[in-house]
Each structure stands twice: as C-alpha cells, then as structure tokens.
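File shown: coords26.cif. Contents: mmCIF, C-alpha atoms.
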data_query
#
loop_
_atom_site.label_atom_id
_atom_site.label_comp_id
_atom_site.auth_asym_id
_atom_site.auth_seq_id
_atom_site.Cartn_x
_atom_site.Cartn_y
_atom_site.Cartn_z
CA MET P 1 67.53 -176.11 -88.65
CA PRO P 2 65.53 -177.57 -85.73
CA GLY P 3 63.63 -175.14 -83.50
CA VAL P 4 63.65 -174.94 -79.71
CA PHE P 5 60.67 -177.30 -79.40
CA ASP P 6 62.31 -179.94 -81.63
CA ARG P 7 65.55 -179.64 -79.71
CA LEU P 8 63.84 -180.05 -76.31
CA ASN P 9 61.75 -182.91 -77.62
CA LYS P 10 64.89 -184.66 -78.85
CA GLU P 11 66.56 -184.07 -75.49
CA ILE P 12 63.57 -185.63 -73.69
CA GLN P 13 63.51 -188.61 -76.04
CA ASP P 14 67.24 -189.20 -75.62
CA LYS P 15 66.94 -189.09 -71.85
CA GLN P 16 63.90 -191.39 -71.92
CA GLN P 17 66.10 -194.11 -73.43
CA GLU P 18 68.08 -194.15 -70.21
CA GLY P 19 66.19 -196.47 -67.84
CA GLY P 20 62.96 -195.29 -66.30
CA ILE P 21 60.59 -196.35 -63.56
CA THR P 22 58.18 -199.27 -63.52
CA ALA P 23 54.87 -199.38 -61.69
CA LEU P 24 56.37 -201.90 -59.27
CA ASP P 25 59.22 -199.48 -58.45
CA LEU P 26 56.51 -196.95 -57.58
CA ALA P 27 55.15 -199.25 -54.91
CA ASP P 28 58.58 -199.39 -53.24
CA LEU P 29 59.12 -195.62 -53.10
CA PRO P 30 58.88 -193.68 -49.84
CA PRO P 31 55.45 -192.00 -49.59
CA ALA P 32 56.66 -188.49 -50.48
CA LEU P 33 58.39 -189.65 -53.66
CA ARG P 34 55.44 -191.82 -54.62
CA LYS P 35 53.11 -188.87 -54.18
CA ILE P 36 55.14 -186.81 -56.63
CA MET P 37 55.40 -189.64 -59.13
CA ARG P 38 51.65 -190.32 -59.06
CA LEU P 39 51.03 -186.66 -59.64
CA MET P 40 53.50 -186.57 -62.50
CA LEU P 41 51.95 -189.67 -64.07
CA ARG P 42 48.67 -187.78 -64.33
CA GLU P 43 50.09 -184.42 -65.38
CA ILE P 44 52.80 -185.89 -67.69
CA GLN P 45 54.96 -182.82 -67.19
CA MET P 46 55.05 -179.87 -64.81
CA ASN P 47 57.27 -176.93 -64.11
CA TYR P 48 58.54 -176.20 -60.60
CA PRO P 49 56.10 -173.34 -59.80
CA ARG P 50 53.18 -175.57 -60.84
CA LEU P 51 54.47 -178.40 -58.64
CA CYS P 52 54.66 -175.99 -55.70
CA GLU P 53 51.13 -174.81 -56.47
CA VAL P 54 49.78 -178.38 -56.45
CA MET P 55 51.72 -179.19 -53.28
CA ASP P 56 50.27 -176.13 -51.53
CA ALA P 57 46.76 -177.23 -52.46
CA MET P 58 47.21 -180.62 -50.76
CA PRO P 59 45.94 -181.29 -47.23
CA GLU P 60 48.53 -180.11 -44.71
CA ARG P 61 49.47 -183.59 -43.48
CA GLU P 62 50.32 -184.67 -47.05
CA ARG P 63 52.18 -181.51 -48.04
CA LEU P 64 55.95 -181.44 -48.55
CA THR P 65 58.02 -178.46 -47.48
CA ARG P 66 60.02 -176.72 -50.23
CA ASP P 67 63.19 -178.42 -49.00
CA GLU P 68 61.52 -181.84 -48.99
CA LEU P 69 60.17 -181.20 -52.46
CA GLN P 70 63.58 -180.15 -53.78
CA GLY P 71 65.16 -183.21 -52.18
CA ALA P 72 62.54 -185.50 -53.66
CA LEU P 73 62.91 -184.01 -57.14
CA SER P 74 66.65 -184.34 -56.92
CA THR P 75 66.40 -188.04 -55.94
CA LEU P 76 63.89 -188.79 -58.69
CA THR P 77 65.89 -187.04 -61.41
CA SER P 78 69.17 -188.69 -60.35
CA GLN P 79 67.49 -192.09 -60.94
CA PHE P 80 66.09 -190.93 -64.34
CA TRP P 81 62.59 -191.59 -63.02
CA LEU P 82 61.88 -187.95 -63.66
CA ILE P 83 63.58 -186.04 -66.44
CA ARG P 84 64.45 -182.41 -65.79
CA ILE P 85 64.72 -180.05 -68.70
CA GLY P 86 66.18 -176.66 -67.86
CA GLU P 87 67.30 -175.31 -64.50
CA GLY P 88 65.89 -173.57 -61.43
CA GLU P 89 62.40 -172.08 -61.50
CA LYS P 90 62.09 -172.68 -65.24
CA ALA P 91 62.86 -176.38 -65.04
CA ILE P 92 60.26 -178.72 -66.47
CA TYR P 93 59.88 -182.20 -64.99
CA LYS P 94 58.59 -185.11 -66.99
CA VAL P 95 57.92 -188.67 -65.87
CA ASN P 96 60.05 -191.41 -67.42
CA LEU P 97 58.48 -194.87 -67.53
CA ARG P 98 60.53 -197.89 -68.45
CA ARG P 99 59.56 -199.42 -71.74
CA LYS P 100 57.93 -202.84 -71.64
CA ALA P 101 60.49 -205.19 -73.12
CA GLY P 102 59.63 -207.10 -76.26
CA SER P 103 59.59 -210.84 -76.55
CA THR P 104 62.84 -212.75 -76.19
CA LEU P 105 61.74 -215.39 -78.66
CA ALA P 106 64.13 -215.94 -81.56
CA ALA P 107 63.69 -213.45 -84.43
CA GLY P 108 63.04 -216.32 -86.85
CA ILE P 109 59.86 -217.25 -85.00
CA TRP P 110 58.48 -213.74 -85.39
CA SER P 111 59.37 -213.42 -89.06
CA SER P 112 57.80 -216.81 -89.74
CA LEU P 113 54.62 -215.75 -87.89
CA ASP P 114 54.64 -212.44 -89.76
CA GLU P 115 54.87 -214.23 -93.11
CA LYS P 116 51.93 -216.47 -92.19
CA LEU P 117 49.80 -213.56 -90.99
CA LYS P 118 50.53 -211.63 -94.18
CA ARG P 119 48.58 -214.27 -96.05
CA ASN P 120 45.45 -213.09 -94.29
CA PRO P 121 44.24 -210.25 -96.55
CA LYS P 122 42.75 -208.41 -93.55
CA ASP P 123 46.15 -208.36 -91.88
CA THR P 124 48.04 -206.64 -94.67
CA MET G 1 41.63 -182.94 -61.09
CA LYS G 2 39.10 -183.11 -63.91
CA GLY G 3 38.42 -186.48 -65.43
CA LYS G 4 38.57 -189.52 -63.22
CA ILE G 5 40.38 -192.65 -64.32
CA VAL G 6 38.47 -195.81 -63.42
CA SER G 7 40.47 -199.02 -63.88
CA ILE G 8 38.58 -202.27 -63.97
CA HIS G 9 40.63 -205.24 -63.00
CA SER G 10 40.38 -208.90 -62.14
CA PHE G 11 43.16 -211.21 -61.08
CA ARG G 12 41.83 -214.09 -63.14
CA GLY G 13 40.16 -214.33 -66.53
CA GLY G 14 36.48 -215.08 -67.07
CA THR G 15 35.13 -212.80 -64.36
CA GLY G 16 33.10 -210.73 -66.83
CA LYS G 17 35.47 -207.78 -66.73
CA SER G 18 34.92 -206.44 -70.26
CA ASN G 19 31.18 -206.96 -70.04
CA THR G 20 31.10 -205.10 -66.74
CA THR G 21 33.34 -202.29 -68.01
CA ALA G 22 31.21 -201.71 -71.11
CA ASN G 23 27.97 -201.73 -69.12
CA LEU G 24 29.34 -199.44 -66.40
CA ALA G 25 30.64 -196.97 -68.97
CA ALA G 26 27.27 -197.05 -70.73
CA GLN G 27 25.39 -196.42 -67.46
CA VAL G 28 27.65 -193.50 -66.56
CA ALA G 29 27.19 -192.04 -70.06
CA MET G 30 23.41 -192.48 -69.66
CA ALA G 31 23.72 -190.37 -66.49
CA GLY G 32 24.87 -187.51 -68.72
CA LYS G 33 28.62 -187.81 -68.18
CA ARG G 34 31.31 -187.64 -70.86
CA VAL G 35 32.88 -191.07 -70.88
CA GLY G 36 35.79 -192.82 -72.60
CA VAL G 37 36.65 -196.52 -72.61
CA VAL G 38 40.18 -197.64 -73.43
CA ASP G 39 40.95 -201.24 -74.20
CA THR G 40 44.44 -201.78 -72.80
CA ASP G 41 44.03 -205.53 -73.08
CA ILE G 42 46.26 -205.29 -76.14
CA GLN G 43 47.07 -208.98 -76.35
CA SER G 44 43.46 -210.17 -76.17
CA PRO G 45 41.11 -207.25 -76.94
CA GLY G 46 37.38 -207.83 -76.79
CA ILE G 47 35.36 -204.96 -75.38
CA HIS G 48 34.72 -203.49 -78.85
CA VAL G 49 32.31 -206.39 -79.51
CA LEU G 50 29.96 -205.16 -76.79
CA PHE G 51 29.80 -201.77 -78.51
CA GLY G 52 29.00 -203.39 -81.87
CA LEU G 53 32.37 -202.81 -83.54
CA ASP G 54 34.10 -205.27 -85.79
CA GLU G 55 37.35 -205.10 -87.69
CA ASP G 56 35.76 -203.27 -90.63
CA LYS G 57 34.15 -200.53 -88.52
CA MET G 58 37.06 -200.07 -86.17
CA GLY G 59 39.40 -197.70 -88.03
CA LYS G 60 42.50 -196.52 -86.17
CA THR G 61 43.37 -198.24 -82.91
CA LEU G 62 45.47 -197.87 -79.78
CA ASN G 63 48.16 -199.90 -81.58
CA ASP G 64 48.36 -197.16 -84.26
CA PHE G 65 48.70 -194.55 -81.53
CA LEU G 66 51.47 -196.52 -79.81
CA HIS G 67 53.35 -196.73 -83.10
CA ASP G 68 52.88 -193.01 -83.77
CA LYS G 69 50.62 -193.67 -86.75
CA ALA G 70 47.54 -191.97 -85.30
CA THR G 71 46.57 -189.31 -82.79
CA ILE G 72 44.29 -189.93 -79.81
CA ARG G 73 41.66 -187.83 -81.56
CA GLU G 74 41.74 -190.22 -84.53
CA ILE G 75 41.26 -193.40 -82.53
CA GLY G 76 38.27 -192.28 -80.44
CA PHE G 77 35.23 -194.04 -81.91
CA PRO G 78 32.02 -192.12 -81.07
CA ILE G 79 29.60 -194.76 -79.83
CA GLY G 80 26.81 -192.20 -79.38
CA GLU G 81 26.94 -191.34 -83.10
CA ASN G 82 26.91 -194.99 -84.16
CA ALA G 83 24.39 -196.42 -81.73
CA SER G 84 22.34 -198.84 -83.75
CA GLY G 85 21.87 -202.52 -84.45
CA ALA G 86 20.87 -203.65 -80.97
CA ALA G 87 18.11 -202.44 -78.66
CA GLY G 88 20.37 -201.70 -75.70
CA ARG G 89 23.10 -199.90 -77.63
CA ALA G 90 20.49 -197.83 -79.46
CA LYS G 91 19.77 -196.09 -76.15
CA LEU G 92 23.25 -194.56 -76.31
CA ALA G 93 22.32 -192.44 -79.32
CA GLY G 94 23.47 -188.88 -78.71
CA LYS G 95 25.38 -189.80 -75.54
CA ASN G 96 28.99 -188.70 -75.04
CA LEU G 97 30.75 -192.04 -75.09
CA TRP G 98 33.92 -192.93 -77.00
CA LEU G 99 35.72 -196.22 -77.37
CA PHE G 100 39.48 -196.36 -77.86
CA PRO G 101 39.89 -199.88 -79.17
CA SER G 102 42.91 -202.14 -79.46
CA SER G 103 43.61 -203.81 -82.77
CA ILE G 104 42.25 -207.26 -83.46
CA ARG G 105 44.59 -207.81 -86.40
CA GLY G 106 46.96 -210.69 -85.79
CA ARG G 107 50.00 -208.88 -87.18
CA GLU G 108 49.44 -205.81 -85.01
CA ILE G 109 49.01 -207.89 -81.85
CA SER G 110 52.12 -209.89 -82.64
CA GLN G 111 54.04 -206.65 -83.32
CA ILE G 112 53.27 -205.45 -79.79
CA LEU G 113 54.28 -208.80 -78.29
CA LYS G 114 57.51 -208.72 -80.30
CA GLU G 115 58.52 -205.09 -79.77
CA GLY G 116 57.10 -204.29 -76.33
CA ILE G 117 55.29 -201.11 -75.34
CA ASP G 118 56.49 -197.55 -74.91
CA PHE G 119 54.82 -196.80 -71.56
CA ASN G 120 55.59 -193.09 -71.77
CA ARG G 121 53.57 -193.01 -74.98
CA LEU G 122 50.77 -195.17 -73.49
CA ASN G 123 50.49 -193.01 -70.39
CA GLU G 124 50.55 -189.79 -72.41
CA GLY G 125 47.77 -191.26 -74.54
CA LEU G 126 45.62 -192.09 -71.50
CA GLN G 127 46.08 -188.65 -69.95
CA SER G 128 45.58 -186.70 -73.18
CA THR G 129 42.40 -188.68 -73.90
CA ILE G 130 40.83 -187.06 -70.85
CA LYS G 131 41.89 -183.57 -71.93
CA GLU G 132 41.15 -183.85 -75.65
CA PHE G 133 37.70 -185.34 -75.19
CA ASP G 134 36.96 -183.33 -72.05
CA LEU G 135 36.00 -186.53 -70.25
CA ASP G 136 34.43 -186.86 -66.84
CA TYR G 137 35.43 -190.52 -66.65
CA LEU G 138 37.93 -192.69 -68.48
CA PHE G 139 37.32 -196.41 -67.99
CA ILE G 140 40.29 -198.69 -68.57
CA ASP G 141 39.64 -202.30 -69.42
CA THR G 142 42.79 -204.16 -68.40
CA HIS G 143 44.26 -207.56 -69.10
CA PRO G 144 43.51 -210.02 -66.27
CA GLY G 145 46.29 -210.77 -63.82
CA LEU G 146 49.17 -208.49 -63.04
CA ASN G 147 51.25 -207.36 -65.96
CA GLU G 148 53.08 -204.10 -66.57
CA GLU G 149 50.30 -202.28 -68.41
CA THR G 150 47.79 -203.33 -65.77
CA LEU G 151 50.05 -202.03 -63.00
CA LEU G 152 50.43 -198.72 -64.84
CA SER G 153 46.68 -198.32 -65.14
CA ILE G 154 46.26 -199.15 -61.45
CA ALA G 155 48.99 -196.64 -60.53
CA THR G 156 47.31 -193.81 -62.41
CA SER G 157 43.72 -194.55 -61.42
CA ASP G 158 41.45 -192.53 -59.16
CA ILE G 159 39.10 -195.45 -58.73
CA LEU G 160 40.02 -199.12 -58.99
CA ILE G 161 37.24 -201.66 -59.33
CA ILE G 162 38.35 -205.22 -58.71
CA ILE G 163 35.97 -207.86 -59.98
CA LEU G 164 35.94 -211.27 -58.37
CA ARG G 165 33.82 -214.35 -58.26
CA PRO G 166 32.99 -216.03 -54.95
CA ASP G 167 35.66 -218.64 -55.62
CA GLN G 168 38.77 -219.50 -53.59
CA GLN G 169 41.15 -218.86 -56.52
CA ASP G 170 39.61 -215.44 -57.14
CA LEU G 171 39.68 -214.58 -53.44
CA GLN G 172 43.40 -215.36 -53.14
CA GLY G 173 44.23 -213.45 -56.33
CA THR G 174 42.18 -210.48 -55.20
CA SER G 175 44.23 -210.31 -52.00
CA VAL G 176 47.35 -209.81 -54.11
CA THR G 177 45.73 -207.10 -56.21
CA VAL G 178 44.36 -205.29 -53.17
CA ASP G 179 47.82 -205.28 -51.56
CA ILE G 180 49.41 -203.86 -54.69
CA ALA G 181 46.70 -201.22 -55.12
CA ARG G 182 47.23 -200.10 -51.53
CA SER G 183 50.98 -199.96 -51.96
CA LEU G 184 50.40 -197.72 -54.99
CA ASP G 185 48.16 -195.38 -52.97
CA VAL G 186 45.09 -195.82 -55.20
CA PRO G 187 42.65 -193.31 -53.67
CA ASN G 188 39.46 -195.35 -54.08
CA LEU G 189 39.31 -199.12 -54.14
CA ILE G 190 36.01 -200.89 -54.58
CA LEU G 191 35.11 -204.51 -55.11
CA MET G 192 32.43 -206.02 -57.28
CA VAL G 193 31.36 -209.63 -56.99
CA ASN G 194 30.16 -211.20 -60.23
CA LYS G 195 28.66 -214.58 -61.06
CA ALA G 196 27.41 -215.19 -57.52
CA LEU G 197 25.13 -218.22 -57.35
CA PRO G 198 21.58 -217.07 -56.56
CA LYS G 199 21.40 -219.59 -53.70
CA TYR G 200 23.96 -217.55 -51.74
CA ASP G 201 22.91 -215.10 -49.06
CA PHE G 202 24.13 -211.89 -50.73
CA VAL G 203 24.02 -209.90 -47.48
CA GLU G 204 26.32 -212.41 -45.73
CA LEU G 205 28.56 -212.68 -48.79
CA ARG G 206 28.99 -208.90 -48.90
CA LYS G 207 29.80 -208.82 -45.20
CA ASP G 208 32.39 -211.62 -45.54
CA ILE G 209 34.18 -210.07 -48.49
CA GLU G 210 34.18 -206.55 -47.07
CA SER G 211 35.64 -207.86 -43.85
CA LYS G 212 38.26 -210.00 -45.64
CA PHE G 213 39.58 -207.13 -47.78
CA ASN G 214 38.62 -204.16 -45.66
CA ALA G 215 37.14 -202.54 -48.76
CA PRO G 216 33.56 -201.78 -49.81
CA VAL G 217 31.66 -204.14 -52.11
CA ALA G 218 29.74 -201.89 -54.48
CA GLY G 219 27.57 -204.65 -55.89
CA ILE G 220 26.98 -208.39 -56.02
CA LEU G 221 25.86 -209.51 -59.45
CA PRO G 222 24.24 -212.91 -59.82
CA LEU G 223 25.33 -215.66 -62.17
CA SER G 224 22.84 -215.29 -64.98
CA PHE G 225 21.87 -217.56 -67.87
CA ASP G 226 20.12 -214.56 -69.44
CA LEU G 227 23.40 -212.67 -69.54
CA ALA G 228 25.20 -215.71 -70.95
CA ASP G 229 22.48 -216.00 -73.56
CA ASN G 230 23.09 -212.37 -74.53
CA ALA G 231 26.57 -213.58 -75.62
CA SER G 232 28.07 -210.06 -75.83
CA ASN G 233 25.60 -209.16 -78.58
CA ASP G 234 24.33 -206.13 -76.70
CA LEU G 235 24.80 -204.07 -73.55
CA PHE G 236 22.70 -206.17 -71.21
CA SER G 237 22.04 -203.49 -68.59
CA LEU G 238 20.51 -201.29 -71.30
CA SER G 239 18.62 -203.99 -73.17
CA THR G 240 17.29 -205.66 -70.01
CA PRO G 241 17.25 -202.90 -67.39
CA ASP G 242 14.86 -204.66 -64.98
CA HIS G 243 16.99 -207.78 -64.64
CA GLU G 244 18.65 -208.31 -61.23
CA TRP G 245 22.12 -208.28 -62.84
CA SER G 246 21.36 -204.87 -64.40
CA ARG G 247 19.99 -203.46 -61.16
CA SER G 248 23.10 -204.54 -59.25
CA LEU G 249 25.35 -203.16 -61.97
CA ARG G 250 23.62 -199.78 -61.64
CA GLU G 251 24.53 -199.83 -57.93
CA VAL G 252 28.18 -200.10 -58.94
CA ALA G 253 27.76 -197.29 -61.49
CA GLN G 254 26.19 -195.18 -58.77
CA ALA G 255 29.17 -195.87 -56.49
CA VAL G 256 31.49 -194.62 -59.25
CA LEU G 257 29.39 -191.49 -59.74
CA THR G 258 29.34 -190.86 -56.01
CA LEU G 259 33.12 -191.18 -55.72
CA GLY G 260 33.63 -188.94 -58.76
#
Go through the file and emit its structure as structure tokens.
Amino acid sequence: MPGVFDRLNKEIQDKQQEGGITALDLADLPPALRKIMRLMLREIQMNYPRLCEVMDAMPERERLTRDELQGALSTLTSQFWLIRIGEGEKAIYKVNLRRKAGSTLAAGIWSSLDEKLKRNPKDT
Amino acid sequence: MKGKIVSIHSFRGGTGKSNTTANLAAQVAMAGKRVGVVDTDIQSPGIHVLFGLDEDKMGKTLNDFLHDKATIREIGFPIGENASGAAGRAKLAGKNLWLFPSSIRGREISQILKEGIDFNRLNEGLQSTIKEFDLDYLFIDTHPGLNEETLLSIATSDILIIILRPDQQDLQGTSVTVDIARSLDVPNLILMVNKALPKYDFVELRKDIESKFNAPVAGILPLSFDLADNASNDLFSLSTPDHEWSRSLREVAQAVLTLG
C-alpha cells in the first residue's frame, strides 16, 4: 500500500501532466507573479510560511502584501503554473514547467535512425 | 541564496561559448570556489572535451538523469580528482570542480530530440546540483540561439553572460537576447566580447557596446591564433596564463566573483 509520500508524489506528477508554464510565458507575467515564479524556479517547492518569510526578507519596494501574495498564488495555481498540494498554511507550492515537445517527424524516421545507430557498438 | 547560477549564452554559434565557459569555471575554481559546470547543450554537447573527457571516461550523463536512470550525484564528474593529461588541466588537481556532461552517444541525443525534455526534471536537477555539491557557482553552458532550455537557464540565472563577436549579426542577435533577459528580470547581465581583431581600439569598442546595450562589458578577448592552435586540447587560460586572451578572461572571472 503506497505511503503518504508516494501518494503526494503521484498527485504532483498527475497535476504536472496538465499544462505548465514556459520561460516565454514568464516574460509576459506581471512583475509580482514573475517574482514568485522566479523564486519558485530556484526553490522548486515551498510552503506558505516559507514564502511569506522570503517575501518579508525582500526590499520593501519589491515586497507583496499578504493579500497580494494570496492573490498571486491563486492566479498561478488556477493556471497550473504552480501546483498546490494541501490547503491553508500547510499548502506546498511547486512550480510546473511545460514539457518540451518531442519531434513531430514521422515515427518511421526515428525507428530507422535508431536501427542504424544500434549498429554502432558504442551506442548500444 | 547560496550558490549562484551563471548562464553563458550567445545568440549565434562559433562565439567560443564552451571554451569560455570551461575557462571561466576553471578560473573560479582556482580562486577556491566550489564550482559545477552543466552542459545543457544536449543536442550538440562539447564542453567535456575541454576537461579531457571522452565517451569512455564519461560515465553517467545528464541524459541518464533526465530519463530517471541516474541521480545528480552519479553524473557529477570530479575534474579535480582526474586532472591530468594536459598542463593547464593539471593545475585543477585538488580543486572543487565538477562537470555534469551531456551524452555524446547518437542514440541518446536522438532520443531527446524524439521525446522532448521534462523541464520540471531538468530544473530540479539544476537546483539540486547546487545543494548536493554545496556549490558556490553553477555554470550552465547553453545551446546557441534561443530555444526552450536556453530560456529556462536564463530565467533561473543570477548572472547571465552573453558572448558576442564584434560583428553585425552578433550585435543584432545580442539585442534580442538582452531584451529577453531583461523581461525575465535576470538580476545581473554582463557582456563579453570574443574574437575581437587586435587592430580594433578595445577602449572605444567597449564604450560602443556598453552604450548600445546599456550593460557592462566585463572583458574584450582578442581573436587569437594561439587559442585556435590549442584546438580545445587544454584549458588555455591555465596552460597559457600570460596570454592576452587569458588575462582578459580573468577579468570576466573576476566580474563573476565580484557579483557573487
């Protein structure tokens, strides 16, 4: 039977399949949202108290009020750019980046290339 | 935040990006810092050559990490413990420098092109590299031009170094990169001019480029036949420290250390 960690991990992975943000989307965000996303990119995941702690440590002109922070988190999670696990003070936020799409070349081209590369002993 | 991410980028190929990245990382490691170098140029990796690695020595790679076949700990190759074979690299013996190489196996490169990249996994790898190896600096060697992995590395960087040649195509491309870096709020943006013809007035050139991009030029490195002759066989700034190219490169390394 899977434990709590496995269950949460599965929940995160399932949610990460649903869209996600690209670096170009980041450039289009309003400054407050971009600030949070850049922070989350570096921290990977943070709980709400930790986010507040980091926000409080920022220079005053860059700081978000608690209401602004809540609003920003709500916007980001509704877009699946951040994933929220849990509720309230215990919620953990995790950044969700969109996967780079694979090639759209026909599958036959790749299997043919794969067959040819297999013949190189160093590539097997 | 401990551990600065330094992305090295150029809009066009052939600017000497990998050579510069390897030499900068080596200089920062020589200054006593703990340094990592990640090759995110997954489709055309090359920086491993400058550190004396070939396919046989390489072991696990970033591709293995992206496919969940290896941990970050397993792919970090300790350059300081394997510093031999060339006079410059030998100076790195005992230094805290790790390379996180990309695979040079055809099948593994084609697998990435075919299947794409899980950016959550890539970003987690970059960030956990800093924590697991307790790094002061993580240098990211990117693919030239603007692609998704390059944009991600720019978005997460503390310092972005854009390399350009004094060439109209490079200047136009650099404008694009500078605009994007600014729109991503990169905290520190510095420029490095490489392959400048010695006949140029470097003081005037610096002034022109700084004024065009409103960003500091940390160094102007001359076009050098000596460096070309080195042919990526060694870390030139360590093997030939008194050369003008090496002296200018150390100015860039110093700028990184100052910002960090």
Chain P contacts to chain G at 9 Å (only C-alpha atoms) as a ChimeraX atom specification: /P:16,22-24,26-28,31,34-35,38-39,41-44,95-105,107,110,113-114,117-118,120,122-124
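With only C-alpha atoms taken into account, the protein and nucleic acid residues at most 12 Å from Ser224 (chain G) (excluding it and anything under 6 positions from it in its own chain) are Gly16, Asn194, Lys195, Ala196, Leu197, Pro198, Asn230, Ala231, Phe236, His243, Glu244, Trp245 and Ser246 of chain G.
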Contact residues around Leu76 (chain P) with all atoms listed in the file at 10 Å, ignoring same-chain residues under 4 positions, as a PyMOL selection string: chain P and resi 21+33-34+36-37+70-72+80-84+93+95-96
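Coordinates place CA of Asp141 (chain G) at a distance of 14.6 Å from CA of Thr129 (chain G).
Between Ala32 (chain P) and the candidates P:Leu64, P:Met58, P:Cys52, P:Ile92, the tightest atom-to-atom separation, counting all atoms listed in the file, involves P:Leu64.
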Point-to-point distance in Å for CA of Asp158 (chain G) and CA of Asp25 (chain P): 19.1 Å
Spatial neighbours of region 208-222 of chain G, 9 Å, all atoms listed in the file, chain gap at least 2 places, as a ChimeraX atom specification: /G:161,166,171,174-175,178,189-198,202-206,224,244-256
Exercise: residues within 12 Å of coordinate (40.8, -187.1, -70.4), counting only C-alpha atoms, as JSON, numbers by chain: {"P": [42, 43], "G": [1, 2, 3, 4, 5, 6, 34, 35, 36, 37, 38, 72, 73, 76, 98, 100, 123, 124, 125, 126, 127, 128, 129, 130, 131, 132, 133, 134, 135, 136, 137, 138, 139, 140]}
Go ahead and save the picked residues with C-alpha atoms, as a PDB file, in the frame of the given file.
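Written output follows (again-v1.pdb):
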ATOM      1  CA  ARG P  42      48.670-187.780 -64.330  1.00  0.00           C
ATOM      2  CA  GLU P  43      50.090-184.420 -65.380  1.00  0.00           C
TER       3      GLU P  43
ATOM      4  CA  MET G   1      41.630-182.940 -61.090  1.00  0.00           C
ATOM      5  CA  LYS G   2      39.100-183.110 -63.910  1.00  0.00           C
ATOM      6  CA  GLY G   3      38.420-186.480 -65.430  1.00  0.00           C
ATOM      7  CA  LYS G   4      38.570-189.520 -63.220  1.00  0.00           C
ATOM      8  CA  ILE G   5      40.380-192.650 -64.320  1.00  0.00           C
ATOM      9  CA  VAL G   6      38.470-195.810 -63.420  1.00  0.00           C
ATOM     10  CA  ARG G  34      31.310-187.640 -70.860  1.00  0.00           C
ATOM     11  CA  VAL G  35      32.880-191.070 -70.880  1.00  0.00           C
ATOM     12  CA  GLY G  36      35.790-192.820 -72.600  1.00  0.00           C
ATOM     13  CA  VAL G  37      36.650-196.520 -72.610  1.00  0.00           C
ATOM     14  CA  VAL G  38      40.180-197.640 -73.430  1.00  0.00           C
ATOM     15  CA  ILE G  72      44.290-189.930 -79.810  1.00  0.00           C
ATOM     16  CA  ARG G  73      41.660-187.830 -81.560  1.00  0.00           C
ATOM     17  CA  GLY G  76      38.270-192.280 -80.440  1.00  0.00           C
ATOM     18  CA  TRP G  98      33.920-192.930 -77.000  1.00  0.00           C
ATOM     19  CA  PHE G 100      39.480-196.360 -77.860  1.00  0.00           C
ATOM     20  CA  ASN G 123      50.490-193.010 -70.390  1.00  0.00           C
ATOM     21  CA  GLU G 124      50.550-189.790 -72.410  1.00  0.00           C
ATOM     22  CA  GLY G 125      47.770-191.260 -74.540  1.00  0.00           C
ATOM     23  CA  LEU G 126      45.620-192.090 -71.500  1.00  0.00           C
ATOM     24  CA  GLN G 127      46.080-188.650 -69.950  1.00  0.00           C
ATOM     25  CA  SER G 128      45.580-186.700 -73.180  1.00  0.00           C
ATOM     26  CA  THR G 129      42.400-188.680 -73.900  1.00  0.00           C
ATOM     27  CA  ILE G 130      40.830-187.060 -70.850  1.00  0.00           C
ATOM     28  CA  LYS G 131      41.890-183.570 -71.930  1.00  0.00           C
ATOM     29  CA  GLU G 132      41.150-183.850 -75.650  1.00  0.00           C
ATOM     30  CA  PHE G 133      37.700-185.340 -75.190  1.00  0.00           C
ATOM     31  CA  ASP G 134      36.960-183.330 -72.050  1.00  0.00           C
ATOM     32  CA  LEU G 135      36.000-186.530 -70.250  1.00  0.00           C
ATOM     33  CA  ASP G 136      34.430-186.860 -66.840  1.00  0.00           C
ATOM     34  CA  TYR G 137      35.430-190.520 -66.650  1.00  0.00           C
ATOM     35  CA  LEU G 138      37.930-192.690 -68.480  1.00  0.00           C
ATOM     36  CA  PHE G 139      37.320-196.410 -67.990  1.00  0.00           C
ATOM     37  CA  ILE G 140      40.290-198.690 -68.570  1.00  0.00           C
TER      38      ILE G 140
END
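Note that the spacing between CA of Lys116 (chain P) and CA of Ser103 (chain G) amounts to 17.8 Å.
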Exercise: Lys90 (chain P) partners within 12 Å, only C-alpha atoms, chain neighbours under 5 positions left out, as number ranges by chain: P: 46-51, 84-85
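Proximity ranking of G:Gly173, G:Gly145, G:Gly80, G:Gly88 relative to Gly32 (chain G) places G:Gly80 first, based on all atoms listed in the file.
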Please enclose the listed atoms of region 101-116 of chain P in an axis-aligned box, pad each side by 4 Å, and write out the centre and the three edge lengths in Å, rounded to one decimal, as lines of an AutoDock Vina configuration file.
center_x = 58.0
center_y = -211.2
center_z = -83.1
size_x = 20.2
size_y = 20.1
size_z = 28.0
Residue contacts of Gly94 (chain G) (12 Å, all atoms listed in the file) excluding same-chain residues fewer than 3 positions away, as a PDB file with C-alpha atoms, in the coordinates of the input:
ATOM      1  CA  ALA G  29      27.190-192.040 -70.060  1.00  0.00           C
ATOM      2  CA  MET G  30      23.410-192.480 -69.660  1.00  0.00           C
ATOM      3  CA  GLY G  32      24.870-187.510 -68.720  1.00  0.00           C
ATOM      4  CA  LYS G  33      28.620-187.810 -68.180  1.00  0.00           C
ATOM      5  CA  ARG G  34      31.310-187.640 -70.860  1.00  0.00           C
ATOM      6  CA  PRO G  78      32.020-192.120 -81.070  1.00  0.00           C
ATOM      7  CA  ILE G  79      29.600-194.760 -79.830  1.00  0.00           C
ATOM      8  CA  GLY G  80      26.810-192.200 -79.380  1.00  0.00           C
ATOM      9  CA  GLU G  81      26.940-191.340 -83.100  1.00  0.00           C
ATOM     10  CA  ASN G  82      26.910-194.990 -84.160  1.00  0.00           C
ATOM     11  CA  ALA G  83      24.390-196.420 -81.730  1.00  0.00           C
ATOM     12  CA  SER G  84      22.340-198.840 -83.750  1.00  0.00           C
ATOM     13  CA  ARG G  89      23.100-199.900 -77.630  1.00  0.00           C
ATOM     14  CA  ALA G  90      20.490-197.830 -79.460  1.00  0.00           C
ATOM     15  CA  LYS G  91      19.770-196.090 -76.150  1.00  0.00           C
ATOM     16  CA  LEU G  97      30.750-192.040 -75.090  1.00  0.00           C
ATOM     17  CA  TRP G  98      33.920-192.930 -77.000  1.00  0.00           C
TER      18      TRP G  98
END
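Proximity ranking of P:Ala57, P:Met40, P:Ala106, P:Leu29 relative to Gln79 (chain P) places P:Leu29 first, based on all atoms listed in the file.
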Residue with smallest distance to His9 (chain G) - pool G:His143, G:Lys95, G:Lys199, G:His48, counting all atoms listed in the file: G:His143
